[in-house]
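> Dropping in final.pdb, which is PDB, C-alpha atoms:
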MODEL        1
ATOM      1  CA  MET A  13     139.483 158.672 135.949  1.00  0.00           C
ATOM      2  CA  ASP A  14     139.860 160.860 132.876  1.00  0.00           C
ATOM      3  CA  ASP A  15     140.321 164.424 134.147  1.00  0.00           C
ATOM      4  CA  ASP A  16     139.837 165.787 130.614  1.00  0.00           C
ATOM      5  CA  ASN A  17     136.321 164.364 130.646  1.00  0.00           C
ATOM      6  CA  ARG A  18     135.122 166.318 133.662  1.00  0.00           C
ATOM      7  CA  ALA A  19     131.963 168.408 133.545  1.00  0.00           C
ATOM      8  CA  ALA A  20     130.435 171.117 135.752  1.00  0.00           C
ATOM      9  CA  VAL A  21     126.875 170.617 137.001  1.00  0.00           C
ATOM     10  CA  PHE A  22     124.905 173.614 138.286  1.00  0.00           C
ATOM     11  CA  ASP A  23     121.756 173.877 140.326  1.00  0.00           C
ATOM     12  CA  VAL A  24     119.441 176.618 139.002  1.00  0.00           C
ATOM     13  CA  GLY A  25     117.449 178.207 141.829  1.00  0.00           C
ATOM     14  CA  ARG A  26     119.638 180.280 144.180  1.00  0.00           C
ATOM     15  CA  VAL A  27     122.772 179.278 142.283  1.00  0.00           C
ATOM     16  CA  LEU A  28     122.253 180.530 138.722  1.00  0.00           C
ATOM     17  CA  PHE A  29     119.168 182.600 139.511  1.00  0.00           C
ATOM     18  CA  GLN A  30     117.697 184.247 142.566  1.00  0.00           C
ATOM     19  CA  TRP A  31     114.407 182.646 143.560  1.00  0.00           C
ATOM     20  CA  GLN A  32     111.881 183.831 146.102  1.00  0.00           C
ATOM     21  CA  LEU A  33     108.103 183.387 146.059  1.00  0.00           C
ATOM     22  CA  ARG A  34     107.848 186.658 147.952  1.00  0.00           C
ATOM     23  CA  ALA A  35     109.340 188.518 144.988  1.00  0.00           C
ATOM     24  CA  LEU A  36     105.996 188.055 143.233  1.00  0.00           C
ATOM     25  CA  PHE A  37     103.590 188.218 146.145  1.00  0.00           C
ATOM     26  CA  GLU A  38     105.012 191.346 147.720  1.00  0.00           C
ATOM     27  CA  LYS A  39     103.681 193.086 144.590  1.00  0.00           C
ATOM     28  CA  LEU A  40     100.210 191.714 145.285  1.00  0.00           C
ATOM     29  CA  ILE A  41      99.896 191.782 149.078  1.00  0.00           C
ATOM     30  CA  ASP A  42     100.487 195.113 150.825  1.00  0.00           C
ATOM     31  CA  ASP A  43     100.300 194.021 154.440  1.00  0.00           C
ATOM     32  CA  PRO A  44     103.602 192.468 155.637  1.00  0.00           C
ATOM     33  CA  ASP A  45     101.928 190.164 158.168  1.00  0.00           C
ATOM     34  CA  ARG A  46      99.438 188.908 155.595  1.00  0.00           C
ATOM     35  CA  LEU A  47     102.287 188.395 153.121  1.00  0.00           C
ATOM     36  CA  ASP A  48     104.209 186.331 155.665  1.00  0.00           C
ATOM     37  CA  TRP A  49     101.131 184.240 156.444  1.00  0.00           C
ATOM     38  CA  PHE A  50     100.313 183.675 152.766  1.00  0.00           C
ATOM     39  CA  CYS A  51     103.844 182.555 151.855  1.00  0.00           C
ATOM     40  CA  THR A  52     103.936 180.259 154.887  1.00  0.00           C
ATOM     41  CA  HIS A  53     100.492 178.670 154.635  1.00  0.00           C
ATOM     42  CA  VAL A  54      99.117 179.049 151.104  1.00  0.00           C
ATOM     43  CA  VAL A  55     101.704 179.387 148.330  1.00  0.00           C
ATOM     44  CA  SER A  56     104.642 178.097 150.342  1.00  0.00           C
ATOM     45  CA  GLU A  57     107.896 176.541 149.179  1.00  0.00           C
ATOM     46  CA  GLN A  58     106.766 173.240 150.696  1.00  0.00           C
ATOM     47  CA  TRP A  59     103.546 173.298 148.641  1.00  0.00           C
ATOM     48  CA  HIS A  60     105.418 174.431 145.511  1.00  0.00           C
ATOM     49  CA  PHE A  61     107.799 171.459 145.837  1.00  0.00           C
ATOM     50  CA  GLN A  62     104.996 169.165 144.643  1.00  0.00           C
ATOM     51  CA  HIS A  63     105.448 170.630 141.170  1.00  0.00           C
ATOM     52  CA  ASP A  64     109.197 170.032 141.383  1.00  0.00           C
ATOM     53  CA  ARG A  65     108.383 166.361 141.998  1.00  0.00           C
ATOM     54  CA  GLY A  66     106.078 166.175 138.982  1.00  0.00           C
ATOM     55  CA  THR A  67     102.580 167.047 140.225  1.00  0.00           C
ATOM     56  CA  PRO A  68     100.877 168.978 137.387  1.00  0.00           C
ATOM     57  CA  LEU A  69      99.583 172.493 137.923  1.00  0.00           C
ATOM     58  CA  ALA A  70      96.131 171.360 136.780  1.00  0.00           C
ATOM     59  CA  GLU A  71      96.028 169.177 139.890  1.00  0.00           C
ATOM     60  CA  MET A  72      97.771 171.480 142.354  1.00  0.00           C
ATOM     61  CA  LEU A  73      95.955 174.731 141.681  1.00  0.00           C
ATOM     62  CA  PRO A  74      92.309 173.592 141.944  1.00  0.00           C
ATOM     63  CA  ALA A  75      93.076 171.649 145.117  1.00  0.00           C
ATOM     64  CA  ARG A  76      94.706 174.679 146.740  1.00  0.00           C
ATOM     65  CA  MET A  77      91.931 177.011 145.594  1.00  0.00           C
ATOM     66  CA  ALA A  78      89.364 174.673 147.134  1.00  0.00           C
ATOM     67  CA  GLU A  79      91.299 174.805 150.398  1.00  0.00           C
ATOM     68  CA  PHE A  80      91.743 178.589 150.339  1.00  0.00           C
ATOM     69  CA  PRO A  81      88.936 179.919 148.089  1.00  0.00           C
ATOM     70  CA  GLU A  82      89.382 183.491 149.325  1.00  0.00           C
ATOM     71  CA  HIS A  83      92.907 183.426 147.836  1.00  0.00           C
ATOM     72  CA  ALA A  84      92.025 181.857 144.483  1.00  0.00           C
ATOM     73  CA  LEU A  85      93.271 184.798 142.425  1.00  0.00           C
ATOM     74  CA  LEU A  86      96.608 184.873 144.240  1.00  0.00           C
ATOM     75  CA  ILE A  87      97.011 181.126 143.807  1.00  0.00           C
ATOM     76  CA  ALA A  88      96.321 181.542 140.093  1.00  0.00           C
ATOM     77  CA  ALA A  89      98.980 184.268 139.969  1.00  0.00           C
ATOM     78  CA  TYR A  90     101.562 181.775 141.246  1.00  0.00           C
ATOM     79  CA  ALA A  91     101.286 179.877 137.972  1.00  0.00           C
ATOM     80  CA  ALA A  92     100.517 182.753 135.611  1.00  0.00           C
ATOM     81  CA  ARG A  93     103.296 185.026 136.902  1.00  0.00           C
ATOM     82  CA  PHE A  94     105.812 182.497 138.213  1.00  0.00           C
ATOM     83  CA  ASN A  95     108.719 184.065 136.325  1.00  0.00           C
ATOM     84  CA  GLU A  96     108.336 187.089 138.607  1.00  0.00           C
ATOM     85  CA  THR A  97     109.494 184.896 141.511  1.00  0.00           C
ATOM     86  CA  VAL A  98     112.924 185.059 139.837  1.00  0.00           C
ATOM     87  CA  PRO A  99     114.077 188.668 140.307  1.00  0.00           C
ATOM     88  CA  GLY A 100     117.416 188.203 138.566  1.00  0.00           C
ATOM     89  CA  GLU A 101     120.598 186.201 138.227  1.00  0.00           C
ATOM     90  CA  VAL A 102     122.858 185.395 141.152  1.00  0.00           C
ATOM     91  CA  GLU A 103     125.644 187.951 140.994  1.00  0.00           C
ATOM     92  CA  GLY A 104     128.807 186.736 139.291  1.00  0.00           C
ATOM     93  CA  VAL A 105     127.706 183.197 138.516  1.00  0.00           C
ATOM     94  CA  HIS A 106     126.720 183.715 134.885  1.00  0.00           C
ATOM     95  CA  ASP A 107     130.180 185.140 134.234  1.00  0.00           C
ATOM     96  CA  ILE A 108     131.691 181.966 135.689  1.00  0.00           C
ATOM     97  CA  VAL A 109     129.452 179.856 133.429  1.00  0.00           C
ATOM     98  CA  ARG A 110     130.610 181.819 130.371  1.00  0.00           C
ATOM     99  CA  ARG A 111     134.256 181.405 131.359  1.00  0.00           C
ATOM    100  CA  LEU A 112     133.828 177.661 131.797  1.00  0.00           C
ATOM    101  CA  SER A 113     132.097 177.450 128.427  1.00  0.00           C
ATOM    102  CA  ALA A 114     134.910 179.409 126.777  1.00  0.00           C
ATOM    103  CA  ARG A 115     137.390 176.904 128.212  1.00  0.00           C
ATOM    104  CA  GLY A 116     135.410 174.060 126.689  1.00  0.00           C
ATOM    105  CA  VAL A 117     134.197 172.618 130.006  1.00  0.00           C
ATOM    106  CA  PRO A 118     130.979 170.638 129.412  1.00  0.00           C
ATOM    107  CA  LEU A 119     128.110 172.190 131.361  1.00  0.00           C
ATOM    108  CA  PHE A 120     124.948 170.617 132.752  1.00  0.00           C
ATOM    109  CA  CYS A 121     122.108 171.709 135.013  1.00  0.00           C
ATOM    110  CA  LEU A 122     120.478 169.508 137.631  1.00  0.00           C
ATOM    111  CA  THR A 123     117.505 171.394 138.996  1.00  0.00           C
ATOM    112  CA  ASN A 124     114.454 170.895 141.161  1.00  0.00           C
ATOM    113  CA  PHE A 125     112.028 172.782 138.938  1.00  0.00           C
ATOM    114  CA  GLY A 126     108.496 172.051 137.781  1.00  0.00           C
ATOM    115  CA  ASP A 127     108.170 170.858 134.200  1.00  0.00           C
ATOM    116  CA  GLU A 128     105.493 173.354 133.179  1.00  0.00           C
ATOM    117  CA  LEU A 129     107.056 176.298 134.954  1.00  0.00           C
ATOM    118  CA  PHE A 130     110.513 175.564 133.563  1.00  0.00           C
ATOM    119  CA  ALA A 131     109.050 175.436 130.045  1.00  0.00           C
ATOM    120  CA  ARG A 132     107.993 179.071 130.560  1.00  0.00           C
ATOM    121  CA  PHE A 133     111.207 180.159 132.260  1.00  0.00           C
ATOM    122  CA  ARG A 134     113.752 178.538 129.944  1.00  0.00           C
ATOM    123  CA  PRO A 135     113.047 180.590 126.780  1.00  0.00           C
ATOM    124  CA  GLU A 136     113.668 183.863 128.634  1.00  0.00           C
ATOM    125  CA  GLN A 137     117.165 182.882 129.789  1.00  0.00           C
ATOM    126  CA  PRO A 138     119.807 182.581 127.057  1.00  0.00           C
ATOM    127  CA  ILE A 139     122.443 181.438 129.582  1.00  0.00           C
ATOM    128  CA  PHE A 140     120.890 177.965 129.265  1.00  0.00           C
ATOM    129  CA  ASP A 141     122.096 177.815 125.656  1.00  0.00           C
ATOM    130  CA  LEU A 142     125.590 177.192 127.058  1.00  0.00           C
ATOM    131  CA  PHE A 143     124.493 173.968 128.766  1.00  0.00           C
ATOM    132  CA  GLU A 144     124.649 170.609 126.997  1.00  0.00           C
ATOM    133  CA  ASP A 145     121.671 169.277 128.923  1.00  0.00           C
ATOM    134  CA  ILE A 146     119.295 170.340 131.689  1.00  0.00           C
ATOM    135  CA  ILE A 147     117.889 167.652 133.968  1.00  0.00           C
ATOM    136  CA  VAL A 148     114.591 168.986 135.356  1.00  0.00           C
ATOM    137  CA  SER A 149     113.068 167.182 138.318  1.00  0.00           C
ATOM    138  CA  GLY A 150     109.474 167.878 137.327  1.00  0.00           C
ATOM    139  CA  THR A 151     110.053 166.359 133.907  1.00  0.00           C
ATOM    140  CA  GLU A 152     111.704 163.285 135.413  1.00  0.00           C
ATOM    141  CA  ARG A 153     109.140 163.163 138.255  1.00  0.00           C
ATOM    142  CA  ILE A 154     111.895 162.683 140.799  1.00  0.00           C
ATOM    143  CA  ALA A 155     113.653 165.412 142.771  1.00  0.00           C
ATOM    144  CA  LYS A 156     116.908 165.982 144.607  1.00  0.00           C
ATOM    145  CA  PRO A 157     118.084 164.608 146.977  1.00  0.00           C
ATOM    146  CA  ASP A 158     116.603 161.313 145.724  1.00  0.00           C
ATOM    147  CA  PRO A 159     119.513 159.220 144.365  1.00  0.00           C
ATOM    148  CA  GLY A 160     117.510 158.443 141.234  1.00  0.00           C
ATOM    149  CA  ILE A 161     117.847 161.916 139.775  1.00  0.00           C
ATOM    150  CA  TYR A 162     121.630 161.786 140.211  1.00  0.00           C
ATOM    151  CA  GLU A 163     121.623 158.483 138.321  1.00  0.00           C
ATOM    152  CA  ILE A 164     119.712 160.219 135.510  1.00  0.00           C
ATOM    153  CA  ALA A 165     122.298 163.010 135.433  1.00  0.00           C
ATOM    154  CA  GLU A 166     125.113 160.459 135.247  1.00  0.00           C
ATOM    155  CA  ALA A 167     123.441 158.627 132.375  1.00  0.00           C
ATOM    156  CA  ARG A 168     122.638 161.803 130.462  1.00  0.00           C
ATOM    157  CA  SER A 169     126.103 163.299 130.929  1.00  0.00           C
ATOM    158  CA  GLY A 170     127.982 160.045 130.413  1.00  0.00           C
ATOM    159  CA  ARG A 171     130.066 160.829 133.489  1.00  0.00           C
ATOM    160  CA  PHE A 172     130.336 159.493 137.013  1.00  0.00           C
ATOM    161  CA  GLY A 173     131.902 160.231 140.383  1.00  0.00           C
ATOM    162  CA  HIS A 174     134.640 162.874 140.399  1.00  0.00           C
ATOM    163  CA  GLN A 175     134.103 163.537 136.695  1.00  0.00           C
ATOM    164  CA  LEU A 176     131.164 165.650 137.895  1.00  0.00           C
ATOM    165  CA  PHE A 177     131.835 168.931 139.687  1.00  0.00           C
ATOM    166  CA  PHE A 178     128.529 169.921 141.310  1.00  0.00           C
ATOM    167  CA  THR A 179     127.366 173.094 143.039  1.00  0.00           C
ATOM    168  CA  ASP A 180     124.046 173.432 144.887  1.00  0.00           C
ATOM    169  CA  ASP A 181     122.801 175.692 147.687  1.00  0.00           C
ATOM    170  CA  ASN A 182     121.013 172.877 149.549  1.00  0.00           C
ATOM    171  CA  PRO A 183     123.229 170.839 151.915  1.00  0.00           C
ATOM    172  CA  ALA A 184     121.080 167.704 151.508  1.00  0.00           C
ATOM    173  CA  ASN A 185     121.479 167.843 147.732  1.00  0.00           C
ATOM    174  CA  VAL A 186     125.236 168.274 148.035  1.00  0.00           C
ATOM    175  CA  GLU A 187     125.507 165.386 150.474  1.00  0.00           C
ATOM    176  CA  ALA A 188     123.499 163.110 148.156  1.00  0.00           C
ATOM    177  CA  ALA A 189     125.925 163.927 145.339  1.00  0.00           C
ATOM    178  CA  LYS A 190     128.928 163.245 147.567  1.00  0.00           C
ATOM    179  CA  VAL A 191     127.510 159.825 148.420  1.00  0.00           C
ATOM    180  CA  ARG A 192     127.695 159.044 144.695  1.00  0.00           C
ATOM    181  CA  GLY A 193     131.308 160.203 144.597  1.00  0.00           C
ATOM    182  CA  TRP A 194     130.676 163.528 142.872  1.00  0.00           C
ATOM    183  CA  ASP A 195     132.994 166.469 143.497  1.00  0.00           C
ATOM    184  CA  ALA A 196     130.143 168.317 145.206  1.00  0.00           C
ATOM    185  CA  HIS A 197     130.270 171.744 146.839  1.00  0.00           C
ATOM    186  CA  LEU A 198     127.788 173.818 148.822  1.00  0.00           C
ATOM    187  CA  PHE A 199     127.129 177.053 146.970  1.00  0.00           C
ATOM    188  CA  THR A 200     127.405 180.264 148.982  1.00  0.00           C
ATOM    189  CA  ASP A 201     128.459 182.915 146.458  1.00  0.00           C
ATOM    190  CA  ALA A 202     130.289 183.395 143.177  1.00  0.00           C
ATOM    191  CA  ALA A 203     133.660 184.120 144.803  1.00  0.00           C
ATOM    192  CA  ALA A 204     133.668 180.840 146.722  1.00  0.00           C
ATOM    193  CA  LEU A 205     132.495 178.938 143.639  1.00  0.00           C
ATOM    194  CA  GLU A 206     135.272 180.466 141.546  1.00  0.00           C
ATOM    195  CA  ALA A 207     137.850 179.447 144.150  1.00  0.00           C
ATOM    196  CA  GLN A 208     136.519 175.868 144.173  1.00  0.00           C
ATOM    197  CA  LEU A 209     136.654 175.671 140.388  1.00  0.00           C
ATOM    198  CA  VAL A 210     140.189 177.042 140.321  1.00  0.00           C
ATOM    199  CA  GLU A 211     141.283 174.575 142.991  1.00  0.00           C
ATOM    200  CA  THR A 212     139.821 171.665 141.031  1.00  0.00           C
ATOM    201  CA  GLY A 213     141.467 172.867 137.802  1.00  0.00           C
ATOM    202  CA  LEU A 214     138.323 173.650 135.835  1.00  0.00           C
ATOM    203  CA  LEU A 215     139.035 177.406 135.846  1.00  0.00           C
TER     204      LEU A 215
ENDMDL
END
As structure tokens, please, write out the structure in this file.

Amino acid sequence: MDDDNRAAVFDVGRVLFQWQLRALFEKLIDDPDRLDWFCTHVVSEQWHFQHDRGTPLAEMLPARMAEFPEHALLIAAYAARFNETVPGEVEGVHDIVRRLSARGVPLFCLTNFGDELFARFRPEQPIFDLFEDIIVSGTERIAKPDPGIYEIAEARSGRFGHQLFFTDDNPANVEAAKVRGWDAHLFTDAAALEAQLVETGLL
């Protein structure tokens, strides 16, 4: 294995950027109980995950509005104002990305993110300019932890197994990467990530 050919692969949501549907809907729903109910039953993470797997918004939104017509405007806001579900970067991680880039470490993203929503989010975030490639589940129509999206990342990066240092906040996604032999780590915070990167020799 060529250690000089190693790359770092980052998840996006809750690793590079904070993500919380409530960050948008708490601006639109005053009552805490109603907010909880809405984010559990209407615009939930489970429902949103369809878009991560490739279901287009033009299919998702009308179907959900038909199911919950009294919430049609809020469901529309999910798509129109999605970037507001990302309240900011995860503290310290962008600095780590810049340090890796300065050291010449090749950088990639492997993210469960809807194709259409990522197309709106990407232009607002210059940190992505430091990445050689971004593998987006909604574009590929296959999402982590399905082994197929890891195969795509390997093909696109030209690297395999321990040549790929991977950080993700979802244990199932980390485990799927480990099965493929990746140097995969569960993300908790920037300090732990920095320590892992130092230990592996990338920082």
> Could you please give me, as an MDAnalysis selection string, the residues of protein, DNA or RNA lying at most 9 Å from (130.4, 172.4, 139.3) in the coordinate frame of the file, considering only C-alpha atoms?
chainID A and resid 19:23 119:120 176:180 195:197 205 208:209 214
> Given the file shown, determine the residues that the PyMOL selection byres ((chain A and resi 159-163) around 12) selects; report them as a PyMOL selection string.
chain A and resi 21+64-65+121-124+146-158+164-173+176+178+184-194+196
> Residues near Ala203 in chain A, anyone? I mean within 12 Å using all atoms listed in the file, not counting same-chain ones fewer than 3 positions away, as a PyMOL selection string.
chain A and resi 102-105+107-108+199-200+206-210
> Using C-alpha atoms, can you write the selected residues to a file as a short mmCIF file (atom, residue, chain, number, x, y, z; two decimals), in the frame of the given file?

data_model
loop_
_atom_site.label_atom_id
_atom_site.label_comp_id
_atom_site.auth_asym_id
_atom_site.auth_seq_id
_atom_site.Cartn_x
_atom_site.Cartn_y
_atom_site.Cartn_z
CA VAL A 102 122.86 185.40 141.15
CA GLU A 103 125.64 187.95 140.99
CA GLY A 104 128.81 186.74 139.29
CA VAL A 105 127.71 183.20 138.52
CA ASP A 107 130.18 185.14 134.23
CA ILE A 108 131.69 181.97 135.69
CA PHE A 199 127.13 177.05 146.97
CA THR A 200 127.40 180.26 148.98
CA GLU A 206 135.27 180.47 141.55
CA ALA A 207 137.85 179.45 144.15
CA GLN A 208 136.52 175.87 144.17
CA LEU A 209 136.65 175.67 140.39
CA VAL A 210 140.19 177.04 140.32
#
> Apply the PyMOL selection byres ((chain A and resi 41-54) around 10) to the structure shown and report the selected residues as a ChimeraX atom specification.
/A:32-34,36-40,55-60,76-77,79-80,83,86-87
> Evaluated on this file, the PyMOL selection byres ((chain A and resi 134) around 12) picks out some residues - which ones are they, written as a PyMOL selection string?
chain A and resi 24+29+95+98+121+125-133+135-141+143+146+148
> For Glu101 in chain A, which residue among A:Leu28, A:Ala84, A:Ala89, A:Ala202 is the nearest when counting all atoms listed in the file?
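Counting all atoms listed in the file, the residue closest to Glu101 in chain A is A:Leu28.
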> If you measure from CA of His106 in chain A to CA of Asp145 in chain A, what distance in Å do you get, rounded to one decimal?
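Separation between CA of His106 in chain A and CA of Asp145 in chain A: 16.4 Å.
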> Which of these, A:Gly116, A:Leu198, A:Ala75, A:His63, has the shortest distance to Ala91 in chain A once you count all atoms listed in the file?
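Nearest to Ala91 in chain A: A:His63.
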> Which of these, A:Asp201, A:Asp181, A:Trp31, A:Gly25, has the shortest distance to Glu96 in chain A once you count all atoms listed in the file?
A:Trp31
> Work out how far CA of Val109 in chain A is from CA of Arg26 in chain A, in Å to one decimal.
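Rounded to one decimal, the two atoms are 14.6 Å apart.
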> So how far away is CA of Pro74 in chain A from CA of Thr97 in chain A, in Å?
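So the answer is 20.6 Å.
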> With all atoms of range 38-42 of chain A from the file as input, state the centre and edge lengths in Å to one decimal of the axis-aligned box that has 3 Å extra on each side, as lines of an AutoDock Vina configuration file.

center_x = 102.5
center_y = 193.2
center_z = 147.7
size_x = 11.1
size_y = 9.8
size_z = 12.2
